[in-house]
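As stored in start_31.txt (compact mmCIF, C-alpha atoms and all ligand atoms):
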```txt
# COMPACT_ATOMS: atom_id res chain seq x y z
CA MET A 1 89.86 154.16 100.44
CA SER A 2 87.25 152.89 102.81
CA VAL A 3 87.41 149.52 104.49
CA VAL A 4 84.56 147.08 104.71
CA ILE A 5 83.81 146.03 108.26
CA GLU A 6 81.21 143.66 109.54
CA GLN A 7 78.32 145.16 111.43
CA PRO A 8 78.89 143.89 114.99
CA ASN A 9 75.43 144.82 116.26
CA GLN A 10 71.94 144.39 114.95
CA PRO A 11 71.40 147.12 112.39
CA ARG A 12 68.72 149.74 112.69
CA SER A 13 66.04 149.69 110.03
CA ARG A 14 67.62 151.39 107.02
CA LYS A 15 64.20 152.15 105.56
CA ASN A 16 63.68 155.66 104.20
CA ALA A 17 67.31 156.59 104.86
CA GLN A 18 67.66 158.77 101.77
CA TRP A 19 64.18 160.21 102.29
CA GLU A 20 65.08 161.81 105.58
CA LYS A 21 68.07 163.48 103.94
CA ARG A 22 65.99 164.75 101.03
CA ALA A 23 63.33 166.08 103.40
CA TRP A 24 66.03 167.93 105.35
CA ILE A 25 67.44 169.53 102.22
CA PHE A 26 63.95 170.36 100.96
CA MET A 27 63.03 172.16 104.22
CA ARG A 28 66.03 174.44 103.85
CA ILE A 29 65.71 175.17 100.14
CA SER A 30 61.93 175.68 100.26
CA GLY A 31 62.35 177.82 103.39
CA ALA A 32 64.84 180.10 101.63
CA VAL A 33 62.66 180.35 98.49
CA LEU A 34 59.53 180.95 100.57
CA LEU A 35 61.22 183.73 102.50
CA VAL A 36 61.75 185.69 99.28
CA MET A 37 58.42 184.75 97.68
CA ILE A 38 56.29 185.51 100.75
CA LEU A 39 57.92 188.92 101.16
CA GLY A 40 57.23 189.62 97.47
CA HIS A 41 53.67 188.37 97.90
CA LEU A 42 53.07 190.68 100.88
CA MET A 43 54.61 193.66 99.08
CA VAL A 44 52.54 193.23 95.93
CA ASN A 45 49.26 192.54 97.74
CA LEU A 46 49.42 194.76 100.79
CA VAL A 47 52.04 197.46 100.47
CA LEU A 48 52.40 198.53 96.84
CA PRO A 49 48.70 198.96 95.87
CA GLU A 50 47.51 202.55 96.24
CA ARG A 51 44.82 201.77 98.84
CA GLY A 52 46.97 199.15 100.58
CA VAL A 53 45.15 196.14 101.95
CA LYS A 54 41.77 197.67 100.99
CA SER A 55 42.49 197.23 97.32
CA ILE A 56 42.08 193.44 97.52
CA ASP A 57 38.78 192.45 95.96
CA PHE A 58 37.53 190.13 93.24
CA ALA A 59 38.86 192.47 90.56
CA PHE A 60 42.33 192.56 92.13
CA VAL A 61 42.55 188.77 92.26
CA ALA A 62 41.07 188.38 88.79
CA GLY A 63 43.62 190.83 87.47
CA LYS A 64 46.51 188.91 88.97
CA TRP A 65 45.37 185.49 87.78
CA ALA A 66 44.80 186.76 84.28
CA ASP A 67 48.59 187.06 84.17
CA PRO A 68 50.54 183.78 83.71
CA PHE A 69 53.38 185.24 85.80
CA TRP A 70 51.22 185.44 88.92
CA GLN A 71 49.63 182.07 88.19
CA VAL A 72 53.09 180.48 88.22
CA TYR A 73 54.22 182.59 91.19
CA ASP A 74 51.21 181.67 93.32
CA GLY A 75 51.37 178.05 92.17
CA ILE A 76 54.99 177.68 93.28
CA MET A 77 54.21 179.36 96.60
CA LEU A 78 51.22 177.08 97.15
CA TRP A 79 53.17 173.89 96.52
CA LEU A 80 56.27 174.90 98.44
CA ALA A 81 54.39 176.23 101.48
CA LEU A 82 52.02 173.27 101.70
CA ILE A 83 54.68 170.60 101.33
CA HIS A 84 57.03 172.53 103.64
CA GLY A 85 54.33 173.05 106.26
CA THR A 86 53.06 169.48 106.07
CA ASN A 87 56.54 168.02 106.32
CA GLY A 88 57.19 170.32 109.28
CA MET A 89 54.02 169.04 110.93
CA ARG A 90 55.18 165.48 110.24
CA THR A 91 58.28 166.31 112.29
CA LEU A 92 56.10 167.54 115.13
CA VAL A 93 53.92 164.41 114.95
CA ASN A 94 57.04 162.25 115.13
CA ASP A 95 58.08 164.27 118.19
CA TYR A 96 54.89 163.92 120.14
CA ALA A 97 53.16 160.72 119.02
CA GLU A 98 54.61 157.83 120.98
CA ARG A 99 52.29 155.10 119.80
CA GLU A 100 52.90 153.84 116.29
CA TRP A 101 49.23 153.80 115.23
CA VAL A 102 48.68 157.37 116.44
CA ARG A 103 51.73 158.48 114.48
CA LYS A 104 50.60 156.66 111.33
CA THR A 105 47.02 157.97 111.56
CA LEU A 106 48.07 161.57 112.10
CA ASN A 107 50.60 161.44 109.27
CA ILE A 108 48.09 159.93 106.85
CA ALA A 109 45.58 162.62 107.85
CA LEU A 110 48.21 165.34 107.35
CA TRP A 111 49.22 164.28 103.87
CA SER A 112 45.60 163.68 102.82
CA VAL A 113 44.66 167.23 103.80
CA ALA A 114 47.76 168.54 102.01
CA ALA A 115 46.87 166.59 98.86
CA ILE A 116 43.29 167.89 98.83
CA LEU A 117 44.44 171.49 99.38
CA LEU A 118 47.08 171.15 96.66
CA ILE A 119 44.54 169.86 94.13
CA LEU A 120 41.95 172.50 95.05
CA GLY A 121 44.52 175.32 95.08
CA THR A 122 46.03 174.32 91.77
CA LEU A 123 42.56 174.05 90.21
CA VAL A 124 41.61 177.52 91.43
CA ILE A 125 44.80 179.10 90.11
CA THR A 126 44.69 177.39 86.71
CA THR A 127 40.95 177.38 85.98
CA PHE A 128 39.97 180.69 87.57
CA ASP A 129 37.18 182.31 85.53
CA PRO A 130 36.85 186.11 85.97
CA CYS A 131 33.78 186.11 83.68
CA ILE A 132 31.47 184.93 86.47
CA ASP A 133 31.56 188.62 87.49
CA PRO A 134 29.21 190.64 85.20
CA ASP A 135 31.33 193.73 85.97
CA VAL A 136 34.50 192.15 84.54
CA GLU A 137 34.53 194.30 81.35
CA ASN A 138 35.33 197.35 83.51
CA TYR A 139 38.64 196.09 84.86
CA LEU A 140 39.70 193.39 82.38
CA PRO A 141 38.35 194.70 79.08
CA GLY A 142 38.27 192.07 76.39
CA VAL A 143 38.98 188.90 78.40
CA CYS A 144 35.44 187.57 78.22
CA LYS A 145 34.73 188.12 74.49
CA PRO A 146 33.51 184.83 73.06
CA MET B 1 102.80 182.27 168.77
CA GLU B 2 99.29 181.76 169.94
CA THR B 3 96.79 179.73 168.02
CA LYS B 4 93.67 181.72 167.51
CA GLU B 5 90.28 180.29 166.79
CA ILE B 6 89.52 181.59 163.39
CA GLY B 7 85.77 181.72 162.92
CA VAL B 8 84.08 178.45 162.00
CA ILE B 9 83.75 177.79 158.31
CA PRO B 10 80.38 179.14 157.25
CA SER B 11 77.83 176.50 156.46
CA PHE B 12 74.25 176.52 155.28
CA THR B 13 71.28 174.21 155.32
CA VAL B 14 69.80 173.25 152.01
CA THR B 15 66.87 171.05 151.03
CA LEU B 16 67.36 168.41 148.37
CA MET B 17 64.31 167.02 146.64
CA VAL B 18 65.38 163.68 145.26
CA ARG B 19 63.37 161.63 142.79
CA ARG B 20 63.16 158.17 144.35
CA PHE B 21 62.12 154.91 142.78
CA ASP B 22 62.47 151.44 144.21
CA PRO B 23 61.34 148.85 141.64
CA GLU B 24 60.60 146.35 144.42
CA THR B 25 58.08 148.48 146.27
CA ASP B 26 57.08 151.46 144.09
CA SER B 27 54.90 151.53 141.02
CA GLU B 28 55.67 155.23 140.41
CA PRO B 29 58.68 157.40 141.23
CA LYS B 30 58.13 159.93 144.01
CA TRP B 31 59.90 162.96 145.49
CA GLN B 32 61.61 162.78 148.85
CA ASP B 33 63.13 165.77 150.64
CA PHE B 34 66.29 165.82 152.73
CA ASP B 35 67.72 168.73 154.73
CA VAL B 36 71.50 168.73 154.83
CA THR B 37 74.10 171.13 156.21
CA MET B 38 76.71 171.88 153.59
CA PHE B 39 79.72 174.15 152.99
CA GLY B 40 80.50 176.55 150.18
CA THR B 41 82.99 174.09 148.70
CA ASP B 42 80.47 171.25 148.54
CA ARG B 43 78.97 169.93 145.36
CA VAL B 44 75.62 168.24 144.79
CA LEU B 45 77.50 164.94 144.84
CA ASP B 46 78.70 165.71 148.40
CA ALA B 47 75.11 166.34 149.45
CA LEU B 48 74.07 162.99 147.94
CA HIS B 49 76.95 161.30 149.79
CA LYS B 50 75.86 162.93 153.02
CA ILE B 51 72.32 161.67 152.52
CA LYS B 52 73.47 158.17 151.64
CA TRP B 53 76.06 157.91 154.43
CA GLU B 54 74.21 159.67 157.22
CA LEU B 55 70.48 159.79 156.49
CA ASP B 56 69.30 157.06 154.14
CA GLY B 57 71.66 154.33 153.00
CA SER B 58 69.19 153.11 150.40
CA LEU B 59 69.65 156.17 148.17
CA THR B 60 71.09 154.85 144.91
CA PHE B 61 73.17 156.75 142.37
CA ARG B 62 76.24 156.21 140.23
CA ARG B 63 79.54 157.94 140.77
CA SER B 64 83.10 156.87 140.44
CA CYS B 65 85.81 159.48 140.05
CA ALA B 66 83.92 162.32 141.78
CA HIS B 67 85.98 164.78 139.72
CA GLY B 68 84.32 165.16 136.34
CA VAL B 69 86.42 162.54 134.60
CA CYS B 70 84.47 159.28 134.45
CA GLY B 71 81.06 160.58 133.42
CA SER B 72 79.00 158.35 135.68
CA ASP B 73 77.02 160.91 137.67
CA ALA B 74 75.10 162.88 135.06
CA MET B 75 71.71 163.79 136.53
CA ARG B 76 68.98 166.35 136.12
CA ILE B 77 69.61 169.05 138.72
CA ASN B 78 67.04 171.86 138.89
CA GLY B 79 65.81 170.84 135.46
CA ARG B 80 69.23 170.86 133.79
CA ASN B 81 71.50 167.97 133.00
CA ARG B 82 74.79 168.26 134.86
CA LEU B 83 77.43 166.19 136.60
CA ALA B 84 76.66 166.14 140.33
CA CYS B 85 80.40 166.21 140.99
CA LYS B 86 80.90 169.42 139.02
CA THR B 87 77.92 171.36 140.37
CA LEU B 88 78.70 173.52 143.39
CA ILE B 89 75.67 173.84 145.64
CA LYS B 90 76.40 177.50 146.34
CA ASP B 91 76.03 178.24 142.60
CA LEU B 92 72.41 177.05 142.72
CA ASP B 93 69.59 178.96 144.37
CA ILE B 94 69.85 177.54 147.91
CA THR B 95 66.86 179.49 149.19
CA GLN B 96 64.79 176.97 147.20
CA PRO B 97 64.92 173.19 147.35
CA ILE B 98 67.35 171.65 144.87
CA TYR B 99 65.61 169.12 142.64
CA VAL B 100 67.64 166.07 141.69
CA GLU B 101 66.23 163.59 139.17
CA PRO B 102 67.58 160.83 136.94
CA ILE B 103 68.44 161.85 133.38
CA LYS B 104 65.42 161.64 131.08
CA GLY B 105 64.64 159.27 128.23
CA LEU B 106 66.28 156.15 129.66
CA LYS B 107 64.55 153.59 131.86
CA VAL B 108 64.96 154.27 135.58
CA GLU B 109 66.32 151.21 137.38
CA LYS B 110 66.48 152.62 140.88
CA ASP B 111 66.45 156.19 142.21
CA LEU B 112 68.99 158.08 140.08
CA VAL B 113 70.31 155.02 138.24
CA VAL B 114 69.09 154.54 134.67
CA ASP B 115 69.60 151.77 132.14
CA MET B 116 72.41 153.14 129.95
CA GLU B 117 72.34 150.25 127.48
CA PRO B 118 70.41 152.01 124.65
CA PHE B 119 72.86 154.89 124.98
CA TYR B 120 75.90 152.59 124.73
CA GLN B 121 74.29 150.67 121.87
CA ALA B 122 74.02 153.85 119.80
CA TYR B 123 77.64 154.58 120.68
CA ARG B 124 78.77 151.14 119.54
CA ASP B 125 76.73 151.48 116.36
CA VAL B 126 78.88 154.34 115.04
CA LYS B 127 82.06 152.20 115.34
CA PRO B 128 83.96 154.40 117.80
CA PHE B 129 87.41 152.97 117.06
CA LEU B 130 90.19 153.62 114.57
CA ILE B 131 89.68 151.74 111.32
CA ALA B 132 92.76 151.54 109.12
CA SER B 133 93.92 149.00 106.57
CA ASP B 134 97.67 149.15 107.24
CA THR B 135 99.63 148.01 110.30
CA PRO B 136 102.48 150.47 110.67
CA ALA B 137 105.51 149.60 112.81
CA ALA B 138 105.56 153.07 114.41
CA GLU B 139 102.90 155.53 115.49
CA ARG B 140 100.61 157.12 112.90
CA LEU B 141 101.77 160.68 112.49
CA GLN B 142 99.35 163.55 112.15
CA SER B 143 99.84 167.28 111.64
CA PRO B 144 98.69 169.65 114.39
CA GLU B 145 96.11 171.04 111.96
CA ASP B 146 94.68 167.60 111.23
CA ARG B 147 94.58 166.88 114.95
CA ALA B 148 92.81 170.16 115.67
CA ARG B 149 90.04 169.24 113.24
CA PHE B 150 88.41 166.86 115.75
CA ASP B 151 89.98 168.06 119.00
CA ASP B 152 86.70 169.19 120.51
CA THR B 153 84.99 165.83 120.16
CA THR B 154 87.87 163.89 121.75
CA LYS B 155 86.86 165.36 125.10
CA CYS B 156 83.68 163.32 125.49
CA ILE B 157 83.38 161.26 128.69
CA LEU B 158 80.15 159.47 127.65
CA CYS B 159 78.13 160.86 130.52
CA ALA B 160 74.93 160.96 128.42
CA ALA B 161 74.04 164.46 129.61
CA CYS B 162 73.65 165.62 125.99
CA THR B 163 71.64 162.70 124.65
CA THR B 164 69.23 162.75 127.59
CA SER B 165 68.74 166.52 127.28
CA CYS B 166 67.55 166.12 123.70
CA PRO B 167 63.76 166.40 123.26
CA VAL B 168 63.92 164.22 120.16
CA PHE B 169 65.57 161.42 122.17
CA TRP B 170 62.95 161.70 124.93
CA THR B 171 60.22 160.47 122.59
CA ASP B 172 62.28 158.56 120.03
CA ASN B 173 64.60 156.06 121.66
CA GLN B 174 65.81 154.86 118.28
CA TYR B 175 67.50 158.22 117.58
CA PHE B 176 71.27 157.82 117.76
CA GLY B 177 71.48 160.93 119.93
CA PRO B 178 74.11 163.67 120.25
CA ALA B 179 76.73 161.60 122.07
CA ALA B 180 76.90 158.91 119.38
CA ILE B 181 77.22 161.59 116.70
CA VAL B 182 79.93 163.40 118.70
CA ASN B 183 81.91 160.16 118.92
CA ALA B 184 81.38 159.44 115.23
CA HIS B 185 82.64 162.98 114.53
CA ARG B 186 85.79 162.19 116.49
CA PHE B 187 86.70 159.49 113.95
CA ILE B 188 85.03 160.86 110.81
CA PHE B 189 87.32 163.90 110.91
CA ASP B 190 90.45 162.00 111.98
CA SER B 191 92.87 161.99 109.03
CA ARG B 192 94.28 158.61 110.17
CA ASP B 193 90.93 156.89 109.94
CA GLU B 194 89.73 155.28 106.72
CA ALA B 195 86.08 154.57 107.43
CA ALA B 196 84.56 158.04 107.42
CA GLU B 197 82.20 156.99 104.62
CA VAL B 198 81.05 153.94 106.56
CA ARG B 199 80.12 156.06 109.58
CA LEU B 200 78.51 158.76 107.45
CA ASP B 201 76.38 156.09 105.85
CA ILE B 202 75.37 154.76 109.27
CA LEU B 203 74.32 158.25 110.37
CA ASN B 204 72.48 159.01 107.11
CA ASP B 205 69.55 157.21 108.62
CA LYS B 206 65.95 157.88 109.49
CA GLU B 207 67.16 157.86 113.10
CA GLY B 208 70.48 159.52 112.32
CA VAL B 209 71.68 163.11 112.01
CA TRP B 210 68.50 164.32 110.29
CA ARG B 211 66.51 163.85 113.48
CA CYS B 212 68.54 166.69 115.03
CA ARG B 213 66.49 169.89 115.18
CA THR B 214 69.26 172.23 116.32
CA THR B 215 67.74 172.82 119.75
CA PHE B 216 71.18 173.37 121.35
CA ASN B 217 70.08 171.54 124.54
CA CYS B 218 73.04 169.18 124.06
CA THR B 219 75.64 171.94 123.79
CA GLU B 220 74.22 173.55 126.90
CA ALA B 221 74.23 170.26 128.82
CA CYS B 222 77.74 169.04 128.00
CA PRO B 223 79.91 169.23 131.15
CA ARG B 224 83.01 169.09 128.95
CA GLY B 225 82.04 172.20 127.04
CA ILE B 226 81.95 170.35 123.72
CA GLU B 227 80.15 172.25 120.96
CA VAL B 228 77.85 169.30 120.39
CA THR B 229 75.35 170.98 118.05
CA LYS B 230 78.20 172.28 115.90
CA ALA B 231 79.70 168.79 115.68
CA ILE B 232 76.33 167.41 114.58
CA ALA B 233 76.04 170.14 111.94
CA GLU B 234 79.51 169.25 110.64
CA VAL B 235 78.52 165.61 110.33
CA LYS B 236 75.34 166.64 108.45
CA GLN B 237 77.50 168.63 106.03
CA ALA B 238 79.82 165.66 105.60
CA VAL B 239 76.89 163.34 104.88
CA LEU B 240 75.73 165.76 102.17
CA ARG B 241 79.27 165.82 100.71
CA GLY B 242 79.53 162.05 100.99
CA ARG B 243 83.00 162.27 102.57
CA ARG B 244 84.66 163.93 105.55
C1 LIG C 301 59.17 182.34 105.53
C2 LIG C 301 60.04 181.48 105.13
C3 LIG C 301 60.29 180.18 105.84
C4 LIG C 301 61.52 179.71 106.20
C5 LIG C 301 62.87 180.41 105.99
C6 LIG C 301 61.34 178.41 106.82
C7 LIG C 301 62.37 177.59 107.28
C8 LIG C 301 62.19 176.40 107.94
C9 LIG C 301 63.23 175.46 108.28
C10 LIG C 301 64.71 175.61 107.95
C11 LIG C 301 62.65 174.43 108.96
C12 LIG C 301 63.36 173.20 109.51
C13 LIG C 301 63.66 173.34 110.97
C14 LIG C 301 64.39 172.14 111.52
O1 LIG C 301 64.59 171.14 110.81
O2 LIG C 301 64.79 172.19 112.68
C15 LIG C 301 61.24 174.73 109.07
C16 LIG C 301 60.33 173.95 109.74
C17 LIG C 301 58.95 174.15 109.69
N1 LIG C 301 58.30 175.06 108.89
FE1 LIG C 301 59.12 176.57 107.86
N2 LIG C 301 60.00 178.10 106.85
C18 LIG C 301 59.31 179.15 106.25
C19 LIG C 301 57.94 179.24 106.03
C20 LIG C 301 57.01 178.33 106.51
C21 LIG C 301 55.58 178.35 106.18
C22 LIG C 301 54.91 179.31 105.23
C23 LIG C 301 55.02 177.32 106.90
C24 LIG C 301 53.59 176.85 106.96
C25 LIG C 301 52.91 176.60 105.87
C26 LIG C 301 56.08 176.68 107.67
C27 LIG C 301 55.91 175.61 108.54
C28 LIG C 301 56.93 174.92 109.14
C29 LIG C 301 56.74 173.87 110.12
C30 LIG C 301 55.39 173.38 110.68
C31 LIG C 301 58.02 173.41 110.47
C32 LIG C 301 58.37 172.33 111.49
C33 LIG C 301 58.71 173.00 112.79
C34 LIG C 301 59.74 172.26 113.57
O3 LIG C 301 60.46 171.43 113.02
O4 LIG C 301 59.85 172.55 114.78
N3 LIG C 301 57.28 177.31 107.41
N4 LIG C 301 60.99 175.92 108.42
S1 LIG C 302 79.29 165.09 124.38
FE1 LIG C 302 79.44 166.02 126.45
S2 LIG C 302 77.37 165.71 127.32
FE2 LIG C 302 77.53 164.32 125.58
S3 LIG C 302 78.20 162.35 126.46
FE3 LIG C 302 80.06 163.46 125.79
S4 LIG C 302 80.77 164.60 127.60
FE4 LIG C 302 78.64 163.95 128.03
S1 LIG C 303 81.71 161.00 139.32
FE1 LIG C 303 83.04 160.83 137.60
S2 LIG C 303 82.31 162.44 136.37
FE2 LIG C 303 81.21 162.80 138.20
```

The structure given in the file should be rewritten as structure tokens.
Amino acid sequence: MSVVIEQPNQPRSRKNAQWEKRAWIFMRISGAVLLVMILGHLMVNLVLPERGVKSIDFAFVAGKWADPFWQVYDGIMLWLALIHGTNGMRTLVNDYAEREWVRKTLNIALWSVAAILLILGTLVITTFDPCIDPDVENYLPGVCKP
Amino acid sequence: METKEIGVIPSFTVTLMVRRFDPETDSEPKWQDFDVTMFGTDRVLDALHKIKWELDGSLTFRRSCAHGVCGSDAMRINGRNRLACKTLIKDLDITQPIYVEPIKGLKVEKDLVVDMEPFYQAYRDVKPFLIASDTPAAERLQSPEDRARFDDTTKCILCAACTTSCPVFWTDNQYFGPAAIVNAHRFIFDSRDEAAEVRLDILNDKEGVWRCRTTFNCTEACPRGIEVTKAIAEVKQAVLRGRR
């Protein structure tokens, strides 16, 4: 039941209108998911192991990434945290950078770093090879049999 | 009956540090201090009057009603946006100088007077008027509940205290700002209005409601006690719903 009215003033640039909304929703959803996942991450890595934080070594990490569950878990955390953090930094850049070229440069730098970290992180999680450790048979028996 | 001299009304001397800028002679704004003798019932506006009328006639500021109704004398007093006419001097720390500056984020024209045009432009952009397709012969009736829905945001006097307290607005002059969103809220949630969707679409903008970071500066600044941040949050929710 809405009426169509002429725009009496010069309109603002409507560019990226939906994007800003999506980014806002994403920050909240990813924040809520991260809250749960990061707490789980801290519990599993630092609290639950018998020797606490001292139990983290190559074998511990290799053991986790031999399990598809932790590969997916860490992958989701990586992507959510990096995109969430980078988008948050974009907000800060928009707050502080007054000159357009400074803003553009910083934002391009931000997303480039995020992209590189995402690619590297995803590669590590998916292609991790425990067999570079000669001792691997002791904690993951059988994984390196040809 | 004898008339007795009741003690003189107690007064005190206070220093005002006023941010001065004269575009014809200054390249930069500068602070100037004035010592004035004031009473417990005096407001910062009275001190400014005293300076202008008795000490320095060139001091420039806006005021009209002097009673918190017109919204013309919002200024930054001791680092907070307030109406000079609603700020009692005795409520401030008078052992220290009182700092009076123009509101931030708008161009200073002279002393405490800023160019309000970008602020009004954002206000006009949200179409702050009733939009309805019919022309009834009598008044448009509304239930008390429907009226209560937007009661808070009807109180705005367009003083700009909220918008110029917002850190996002300080660096991004394109941002609509709290006041424009408050005045959009006033019509978006009015059951008699038919253009809620139009206004929600206007505010679903790169420079619209999503720029708000929930700092609460606006709510704290509003001299009318409007819950500005809450109103903005309600408009965000409505944009997500796509209707009021
Ligand atoms: C622990 C769970 C987390 C929750 C619940 C959460 C929630 C949020 C929310 C809701 C925002 C938006 C604030 C606004 O729009 O005003 C935000 C902003 C931000 N987040 Fe997170 N976040 C979390 C974790 C993280 C992590 C792991 C990082 C870094 C990788 C991060 C970096 C940021 C940054 C830089 C901002 C922008 C700050 C700002 O707008 O002032 N957050 N966060
Ligand atoms: S919402 Fe309050 S602070 Fe903002 S312009 Fe209106 S009266 Fe002034
Ligand atoms: S002079 Fe009118 S509100 Fe202060």

_Could you list the protein, DNA and RNA residues that have any atom within 7 Å of ligand LIG 302 (chain C), counting all atoms listed in the file, and write them as a list in words?_
Gly71, Lys155, Cys156, Ile157, Leu158, Cys159, Ala160, Ala161, Cys162, Thr163, Pro178, Ala179, Val182, Cys218, Ala221, Cys222, Pro223, Arg224, Gly225, Ile226 and Val228 of chain B

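Using all atoms listed in the file as the basis for the distance check, residues found within 9 Å of ligand LIG 303 (chain C) are Leu45, Arg62, Arg63, Ser64, Cys65, Ala66, His67, Gly68, Val69, Cys70, Gly71, Ser72, Asp73, Ala74, Leu83, Ala84, Cys85, Lys86, Ile157, Cys159 and Pro223 of chain B.
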
Counting only C-alpha atoms and all ligand atoms, name the residues that have an atom within 6 Å of an atom of ligand LIG 301 (chain C); the answer should be given as an mmCIF file with C-alpha atoms, in the frame of the given file.
```cif
data_model
loop_
_atom_site.group_PDB
_atom_site.id
_atom_site.type_symbol
_atom_site.label_atom_id
_atom_site.label_comp_id
_atom_site.auth_asym_id
_atom_site.auth_seq_id
_atom_site.Cartn_x
_atom_site.Cartn_y
_atom_site.Cartn_z
ATOM 1 C CA MET A 27 63.030 172.160 104.220
ATOM 2 C CA ARG A 28 66.030 174.440 103.850
ATOM 3 C CA GLY A 31 62.350 177.820 103.390
ATOM 4 C CA ALA A 32 64.840 180.100 101.630
ATOM 5 C CA LEU A 34 59.530 180.950 100.570
ATOM 6 C CA LEU A 35 61.220 183.730 102.500
ATOM 7 C CA ALA A 81 54.390 176.230 101.480
ATOM 8 C CA LEU A 82 52.020 173.270 101.700
ATOM 9 C CA HIS A 84 57.030 172.530 103.640
ATOM 10 C CA GLY A 85 54.330 173.050 106.260
ATOM 11 C CA GLY A 88 57.190 170.320 109.280
ATOM 12 C CA MET A 89 54.020 169.040 110.930
ATOM 13 C CA THR A 91 58.280 166.310 112.290
ATOM 14 C CA ARG B 213 66.490 169.890 115.180
ATOM 15 C CA THR B 214 69.260 172.230 116.320
#
```

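One distance worth recording is that between CA of Ile38 in chain A and CA of Leu110 in chain A, which is 22.7 Å.
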
Using 4 Å of padding on each side, determine the axis-aligned box around all atoms of range 29-32 of chain B present in the file and give its centre and edge lengths in Å to one decimal, as AutoDock Vina command-line options.
```
--center_x 59.9 --center_y 160.2 --center_z 145.0 --size_x 11.5 --size_y 13.6 --size_z 15.6
```

Which polymer residues, protein or nucleic acid, are no farther than 12 Å from (53.1, 168.7, 101.9), counting all atoms listed in the file, as a PDB file with C-alpha atoms, in the coordinates of the input?
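Output file out25.pdb follows:
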```
ATOM      1  CA  ALA A  23      63.330 166.080 103.400  1.00  0.00           C
ATOM      2  CA  PHE A  26      63.950 170.360 100.960  1.00  0.00           C
ATOM      3  CA  MET A  27      63.030 172.160 104.220  1.00  0.00           C
ATOM      4  CA  SER A  30      61.930 175.680 100.260  1.00  0.00           C
ATOM      5  CA  MET A  77      54.210 179.360  96.600  1.00  0.00           C
ATOM      6  CA  LEU A  78      51.220 177.080  97.150  1.00  0.00           C
ATOM      7  CA  TRP A  79      53.170 173.890  96.520  1.00  0.00           C
ATOM      8  CA  LEU A  80      56.270 174.900  98.440  1.00  0.00           C
ATOM      9  CA  ALA A  81      54.390 176.230 101.480  1.00  0.00           C
ATOM     10  CA  LEU A  82      52.020 173.270 101.700  1.00  0.00           C
ATOM     11  CA  ILE A  83      54.680 170.600 101.330  1.00  0.00           C
ATOM     12  CA  HIS A  84      57.030 172.530 103.640  1.00  0.00           C
ATOM     13  CA  GLY A  85      54.330 173.050 106.260  1.00  0.00           C
ATOM     14  CA  THR A  86      53.060 169.480 106.070  1.00  0.00           C
ATOM     15  CA  ASN A  87      56.540 168.020 106.320  1.00  0.00           C
ATOM     16  CA  GLY A  88      57.190 170.320 109.280  1.00  0.00           C
ATOM     17  CA  MET A  89      54.020 169.040 110.930  1.00  0.00           C
ATOM     18  CA  ARG A  90      55.180 165.480 110.240  1.00  0.00           C
ATOM     19  CA  THR A  91      58.280 166.310 112.290  1.00  0.00           C
ATOM     20  CA  ASN A 107      50.600 161.440 109.270  1.00  0.00           C
ATOM     21  CA  ILE A 108      48.090 159.930 106.850  1.00  0.00           C
ATOM     22  CA  ALA A 109      45.580 162.620 107.850  1.00  0.00           C
ATOM     23  CA  LEU A 110      48.210 165.340 107.350  1.00  0.00           C
ATOM     24  CA  TRP A 111      49.220 164.280 103.870  1.00  0.00           C
ATOM     25  CA  SER A 112      45.600 163.680 102.820  1.00  0.00           C
ATOM     26  CA  VAL A 113      44.660 167.230 103.800  1.00  0.00           C
ATOM     27  CA  ALA A 114      47.760 168.540 102.010  1.00  0.00           C
ATOM     28  CA  ALA A 115      46.870 166.590  98.860  1.00  0.00           C
ATOM     29  CA  ILE A 116      43.290 167.890  98.830  1.00  0.00           C
ATOM     30  CA  LEU A 117      44.440 171.490  99.380  1.00  0.00           C
ATOM     31  CA  LEU A 118      47.080 171.150  96.660  1.00  0.00           C
ATOM     32  CA  ILE A 119      44.540 169.860  94.130  1.00  0.00           C
TER      33      ILE A 119
END
```

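The two atoms in question, CA of Ala148 in chain B and CA of Glu220 in chain B, are spaced 22.0 Å apart.
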
Could you list the residues in chain B lying within 8 Å of chain A, using only C-alpha atoms, and format the result as a JSON list (two decimals) with C-alpha atoms, keeping the file's coordinate frame?
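The resulting file, result.json, is shown below:
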```
[["chain", "number", "residue", "atom", "x", "y", "z"],
["B", 124, "ARG", "CA", 78.77, 151.14, 119.54],
["B", 125, "ASP", "CA", 76.73, 151.48, 116.36],
["B", 131, "ILE", "CA", 89.68, 151.74, 111.32],
["B", 132, "ALA", "CA", 92.76, 151.54, 109.12],
["B", 133, "SER", "CA", 93.92, 149.00, 106.57],
["B", 167, "PRO", "CA", 63.76, 166.40, 123.26],
["B", 168, "VAL", "CA", 63.92, 164.22, 120.16],
["B", 171, "THR", "CA", 60.22, 160.47, 122.59],
["B", 172, "ASP", "CA", 62.28, 158.56, 120.03],
["B", 194, "GLU", "CA", 89.73, 155.28, 106.72],
["B", 195, "ALA", "CA", 86.08, 154.57, 107.43],
["B", 196, "ALA", "CA", 84.56, 158.04, 107.42],
["B", 197, "GLU", "CA", 82.20, 156.99, 104.62],
["B", 198, "VAL", "CA", 81.05, 153.94, 106.56],
["B", 204, "ASN", "CA", 72.48, 159.01, 107.11],
["B", 205, "ASP", "CA", 69.55, 157.21, 108.62],
["B", 206, "LYS", "CA", 65.95, 157.88, 109.49],
["B", 210, "TRP", "CA", 68.50, 164.32, 110.29]]
```

- Work out how far apart CA of Arg199 in chain B and CA of Asp152 in chain B are and give it in Å to one decimal.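 Computed distance, CA of Arg199 in chain B to CA of Asp152 in chain B, equals 18.3 Å.
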